[in-house]
Each structure stands twice: as C-alpha cells, then as structure tokens.
Amino acid sequence: MATCVLKCVLLMATSVAIPTEDPVAEAIRQRLEAAGQPAALEIDDEIIHASTALPGFYERRGFAPAWSRQGRLEPRARELLQVISEVHAEGLRPTDYHLGALTSRVASSATASERMAETDLLLTDAFLILAAHSVSGRVDPATFDPEWIAVRREVDVVAVLESIAAGAVLEEALRDLRPRHPGYQRLLGALSRYRRIEAEGGWPRLGQGPSIKPGMSAPDVAVLRGRLARTGDFTEAPSDAAEHFDDALVEAVIRFQRRHGLDDDGAVGSKTREALDVSVARRVRLIELNLERWRWLPQDLSSRHLLVNVPEFQLHVSESGEDVLTMRVIVGRVVRKTPVFSDVMRYLVFSPSWEVPPTILRQDKLPAIRENPAYAVEQNMRVFQLNSGSWTEIDPLNVDWSSATPSTIRLRQRPGSSNALGLVKFMFPNPFNVYLHDTPSRELFARSQRDFSSGCIRVERPADLAHYLLREDPTWTPQAVRAAMESGQERSVTLPRPLPVHIQYWTAWVGRDGTVEFRRDIYGRDTRLDAALRLPPPSEPEE
C-alpha cells in the first residue's frame with residue numbers, strides 16, 4: 001500500500017480538548033500513547049497497519065471514537081463490516097481488513113470502555129487500509145518488478161473517513177474511491193460470472209490427446225462441446241450428434257481461440273487443448289490479478305490516448321472511449337522485456353538513424369561482427385571509435401573487433417529501408433528509452449505470439465499512425481507522410497497535440513462488446529503479482 005494515499009495525514013495535530021468525560025476516548029488515548037508513534041498495536045492478534053495515519057486521525061479529533069457514541073456502536077460500523085465481507089467481489093481479501101475480529105466484536109453486546117476503544121481502532125484501521133487499497137492497489141509493483149512504473153492516484157483517505165464520521169454515507173464514499181474506468185467495471189462483471197461457473201462445478205477437462213479436427217466424430221468432441229458451452233463460446237441447442245465436430249462447433253472453437261490469442265484455425269491442437277483445460281479457479285485468479293493492475297492507474301487515462309497491451313500484442317488509439325485506430329505490435333523478448341509505464345508522445349522522427357544501445361551492441365552486434373567482419377558494412381552502419389576522449393568515425397574494416405567494447409566503439413545505422421527502426425519512430429522520452437517504431441521485418445506480424453524485439457515496440461502500420469498523429473496539420477497528407485518516411489533524410493516533427501501513452505500488461509480483460517479475453521503471461525508477471533498478493537498487507541505504508 002502506497003503512502004501516496006496516506007502521506008497527507010502526517011500533519012501537526014490541531015489542539016483539540018480531550019473529552020475526558022468519554023471513557024472510550026480516554027481508553028483510545030491511553031492505547032495510542034502506550035503504542036508510541038508510529039503505533040505498534042495488536043488487537044485480537046490483528047496488527048494495526050495504518051500505524052501513522054490512525055494515530056493522527058484520532059489526535060485531530062481529540063481521541064473521540066469514530067464508530068460509537070455513548071458506548072454503543074453507530075450503524076456505520078455494521079455498514080463497514082458488510083462492505084468488508086463483500087470486497088471479494090472486487091478481487092480483494094476480506095481477511096485483510098480484520099473481518100474475523102470485527103465480526104465477533106460487532107456481534108457482541110459487551111460495552112466496556114476498553115473493548116469499545118479496541119473495536120473503534122480496528123474499524124478505523126480496516127477503513128483506512130481498505131480505502132488505500134481501493135485507491136491505489138494492495139501492493140506496489142515497484143517492490144517486485146523493476147520494469148513497472150505505476151501512476152497511481154492520490155486521495156486523502158483520512159479526510160474521507162472524517163467526512164464519514166461527520167455523517168457522509170460510508171458505502172457511497174468507498175464506492176467513489178474505486179476505479180471508475182469502464183474496463184475495470186467490465187472486469188468486475190467477468191469476475192462474478194467466472195466465480196458463478198466455479199460455484200457450479202467448473203467445466204470438463206479434455207486432457208491430453210491427439211488433435212481434434214472439424215468433421216471428426218469422437219467422445220472428446222462431446223466433452224469439447226460441453227466445455228465451450230460453459231463459457232458461452234458454444235450457444236447452439238444440444239444435438240443428437242454431440243460427438244460430431246460440426247460447423248457450429250468449429251465456430252465456437254474459433255471464438256474461443258480468438259479470445260485467448262491463439263491461431264484461429266478451428267482445430268483443437270495442443271495449445272488450444274492447454275487453454276481449454278486451464279481451470280476456472282485459475283481464470284478467476286487471473287481476473288483478480290488484473291483488477292489489481294487497474295488500481296495502479298490514474299483515474300483518467302485521458303479521453304484521447306494510445307495504449308499498448310503487451311500480452312495482447314496490440315495497439316489501441318482511443319478517443320472518447322472508442323478505438324479509432326488499432327494495429328498489431330511486436331514487443332520485447334523474455335530476456336528484454338517491454339516495461340510498463342505511462343508517458344506522453346511529443347514528436348516523431350522520419351527516416352531515423354539507429355544508435356545501437358550498449359546492451360544490444362555487447363550481446364548481439366559485436367558477436368555478429370566478430371563472426372563476419374563485413375557485417376557492419378552489409379547493415380549500412382557507421383562506426384565511431386573513442387580516440388583521446390572524442391568519437392571519430394572510422395572504416396568498419398579497420399577496427400580491431402576482437403578488443404572492441406561498448407565503451408570504445410559505437411555503431412549508428414544509416415536511415416533506409418533496412419534500418420532496424422524502419423522508416424519512422426514515435427518518441428515519448430522515458431527512463432527505459434523505449435519507443436514505438438517501424439520495422440523491416442514485416443513477416444513477424446503474421447505470428448499470433450509476437451515477442452521478438454529488444455524492448456521497444458514495433459508497429460504494424462506506422463504510416464497510418466504517423467498520419468493520425470499529424471492529421472491536424474493539413475500539410476501532412478498520407479502522401480507527404482510516406483514521402484518523409486522514404487526520404488532517407490532524418491527529420492524530427494513535433495506533434496500538433498501531444499498524445500498520452502500507456503504501456504500496460506493485462507492478461508485478462510473484457511472488450512467493449514463484453515468478450516472476456518485471456519492471454520499468456522509471457523514475462524511471468526502474473527506469477528510475481530500472485531505471490532505478492534498472497535503476503536499479509538505491509539505493517540507500514542510504503543514510501
């Protein structure tokens with residue numbers, strides 16, 4: 001949990017008279033003063049996690065209880081308990097918010113001041129932690145994935161709690177803290193649907209076996225029909241020929257393959273079998289993981305933005321909630337992952353040259369040149385050598401490549417159709433030095449899984465994207481864009497309107513048409529997030 005949602009509470013407590021006539025307030029004060037700052041409190045073996053925010057909240061209200069009056073719990077205490085019991089619908093874990101201890105205490109008729117004080121403290125901690133998780137997620141991806149920069153929201157959740165204590169409706173206040181993105185809301189619906197399938201017993205498994213092809217008749221075909229019916233891919237009425245792989249079933253298989261990013265040939269080979277046999281429990285968990293990722297995003301992605309979903313291998317340009325441009329992309333290999341971040345595209349470069357990055361130079365280019373000394377010439381590259389503190393261009397055939405290193409040699413590929421960046425690149429400066437660009441390797445876009453790059457993102461239709469970005473300038477016609485791309489002269493062009501860019505990593509989402517989509521976790525990021533979410537909440541908010 002990030003301090004971005006709690007740091008605002010680190011304020012000097014205002015001078016408020018302690019209502020000593022209230023024994024519950026006095027008990028709260030004593031417990032907090034004994035715990036120190038930040039508070040090191042445990043109640044019913046439950047750790048108080050908001051160890052800085054919680055004491056500050058009570059100090060500013062003179063230690064008055066927030067959830068009881070005159071020794072009796074306010075209705076909002078039971079309302080919070082009800083909300084906590086239902087957070088599993090958001091992919092959260094009710095036990096993270098003291099559900100067991102609070103259920104017992106709220107149901108109890110005991111009104112001793114010390115017990116009421118403890119209950120108040122637990123309720124406040126539960127609210128602050130749940131509110132923080134709703135605003136910015138349960139975990140910070142930076143703690144377990146250095147290639148993920150989240151742009152999370154900042155909300156003063158203590159101020160929200162103070163408004164509730166003053167009479168605001170608790171359920172509405174918490175609802176306003178959750179992501180409002182339509183994509184998040186659609187994914188909540190998918191979570192409910194797949195949990196219902198799980199509660200009804202899940203779906204049948206095909207298991208290992210030979211390929212099942214259209215026109216075949218076999219017992220596995222009946223199992224396949226039942227499996228696809230459970231997820232709504234097959235919607236035809238039951239047939240007497242259930243073991244026959246008919247045209248309706250072919251269409252259902254293709255539908256399933258498309259929403260799982262598989263080759264849509266209509267046959268059930270090994271990859272389709274594997275996807276069909278993923279358990280419903282695993283699909284539920286994938287939805288929960290991706291709901292968490294939505295909480296790492298700002299509330300507003302901008303009405304006009306470009307988004308690349310890495311596991312989908314797809315780029316989307318959206319305006320007012322509708323895609324106006326989509327295309328396939330090629331993303332980084334496992335060893336050179338495409339990172340996750342948000343930035344703003346401000347310019348593009350036609351006919352770019354390519355300065356070979358040090359990592360690629362060391363791992364790829366130098367070994368290739370040592371094997372073939374003419375490689376640099378064949379690839380239309382200029383070579384620069386460090387001499388007396390300055391870089392000097394030299395003949396590639398006059399370099400001692402056996403001793404060359406990235407600290408002594410630089411390679412720059414000239415503009416042209418064979419350039420690794422193709423004929424245009426799209427720039428949004430970021431810490432990872434990642435950008436979008438064209439590519440001469442057009443054949444790779446035909447693959448269903450497209451993780452072949454060194455981290456940057458290759459786009460299928462660069463001319464269309466360039467024209468879209470420059471279309472507000474009437475001089476940039478499609479013909480002018482193509483001419484600039486093919487000119488062989490490097491040219492930087494500032495965009496008439498900067499465009500927000502979001503590079504994201506969703507392995508489960510719901511399209512605007514309601515289709516539930518799943519993709520392979522190509523970088524193992526689901527595995528790391530799953531492990532992080534299974535840990536207890538941090539005892540102190542992370543900076």
# chains A, B, ... in the order shown; residues from 1 in each chain; ligands from 1

call {"tool": "select_by_dssp", "arguments": {"residues": "region 282-462 of chain A", "states": "strand (DSSP E)", "output": "ChimeraX atom specification"}}
result
/A:304-309,314-319,322-332,341-350,354-355,381-387,390-394,409-413,424-427,436-437,451-453,457-459

call {"tool": "select_by_dssp", "arguments": {"residues": "region 80-327 of chain A", "states": "helix (DSSP H, G or I)", "output": "PyMOL selection string"}}
result
chain A and resi 80-85+87-90+94-97+99-107+113-136+141-143+157-165+170-177+182-199+219-230+247-258+270-276+280-294+310-312

call {"tool": "residues_around", "arguments": {"residues": "region 356-358 of chain A", "least_positions_apart": "6", "cutoff": "7 Å", "atoms": "only C-alpha atoms", "output": "list of chain:residue names"}}
result
A:Pro406, A:Leu411, A:Arg412

call {"tool": "closest_residue", "arguments": {"among": "A:Ala50, A:Leu286, A:Val87, A:Ala483", "to": "Ala126 (chain A)", "atoms": "only C-alpha atoms"}}
result
A:Ala50

call {"tool": "closest_residue", "arguments": {"among": "A:Gly226, A:Pro373, A:Gly455, A:Pro500", "to": "Ser342 (chain A)", "atoms": "only C-alpha atoms"}}
result
A:Pro500

call {"tool": "residues_around", "arguments": {"residues": "region 154-162 of chain A", "least_positions_apart": "6", "cutoff": "12 Å", "atoms": "only C-alpha atoms", "output": "NGL selection string"}}
result
:A and (1-11 or 50 or 52-58 or 60-61 or 64-67 or 76 or 80 or 123-137 or 168-178 or 295-299)

call {"tool": "closest_residue", "arguments": {"among": "A:Tyr347, A:Tyr194, A:Trp354, A:Tyr468", "to": "Val324 (chain A)", "atoms": "only C-alpha atoms"}}
result
A:Tyr468

call {"tool": "closest_residue", "arguments": {"among": "A:Asp530, A:Glu236, A:Glu90, A:Asp438", "to": "Met485 (chain A)", "atoms": "only C-alpha atoms"}}
result
A:Asp438

call {"tool": "residues_around", "arguments": {"residues": "Val310 (chain A)", "least_positions_apart": "6", "cutoff": "7 Å", "atoms": "only C-alpha atoms", "output": "list in words"}}
result
Val331, Gln504 and Tyr505 of chain A

call {"tool": "residues_around", "arguments": {"residues": "Leu289 (chain A)", "least_positions_apart": "4", "cutoff": "12 Å", "atoms": "only C-alpha atoms", "output": "NGL selection string"}}
result
:A and (90-92 or 137-139 or 141 or 184 or 187-188 or 191 or 282-285 or 293-296 or 505-509 or 521 or 525-534)

call {"tool": "residues_around", "arguments": {"residues": "region 380-382 of chain A", "least_positions_apart": "3", "cutoff": "8 Å", "atoms": "only C-alpha atoms", "output": "list of chain:residue names"}}
result
A:Ala376, A:Val377, A:Glu393, A:Ile394, A:Asp395, A:Pro396, A:Leu411, A:Arg412, A:Gln413, A:Arg414

call {"tool": "atom_distance", "arguments": {"atom1": "CA of Arg153 (chain A)", "atom2": "CA of Val340 (chain A)"}}
result
16.5 Å

call {"tool": "atom_distance", "arguments": {"atom1": "CA of Pro440 (chain A)", "atom2": "CA of Leu421 (chain A)"}}
result
7.6 Å

call {"tool": "closest_residue", "arguments": {"among": "A:Thr111, A:His98, A:Pro462, A:Gly266", "to": "Pro23 (chain A)", "atoms": "only C-alpha atoms"}}
result
A:Thr111

call {"tool": "atom_distance", "arguments": {"atom1": "CA of Glu355 (chain A)", "atom2": "CA of Ile330 (chain A)"}}
result
19.8 Å
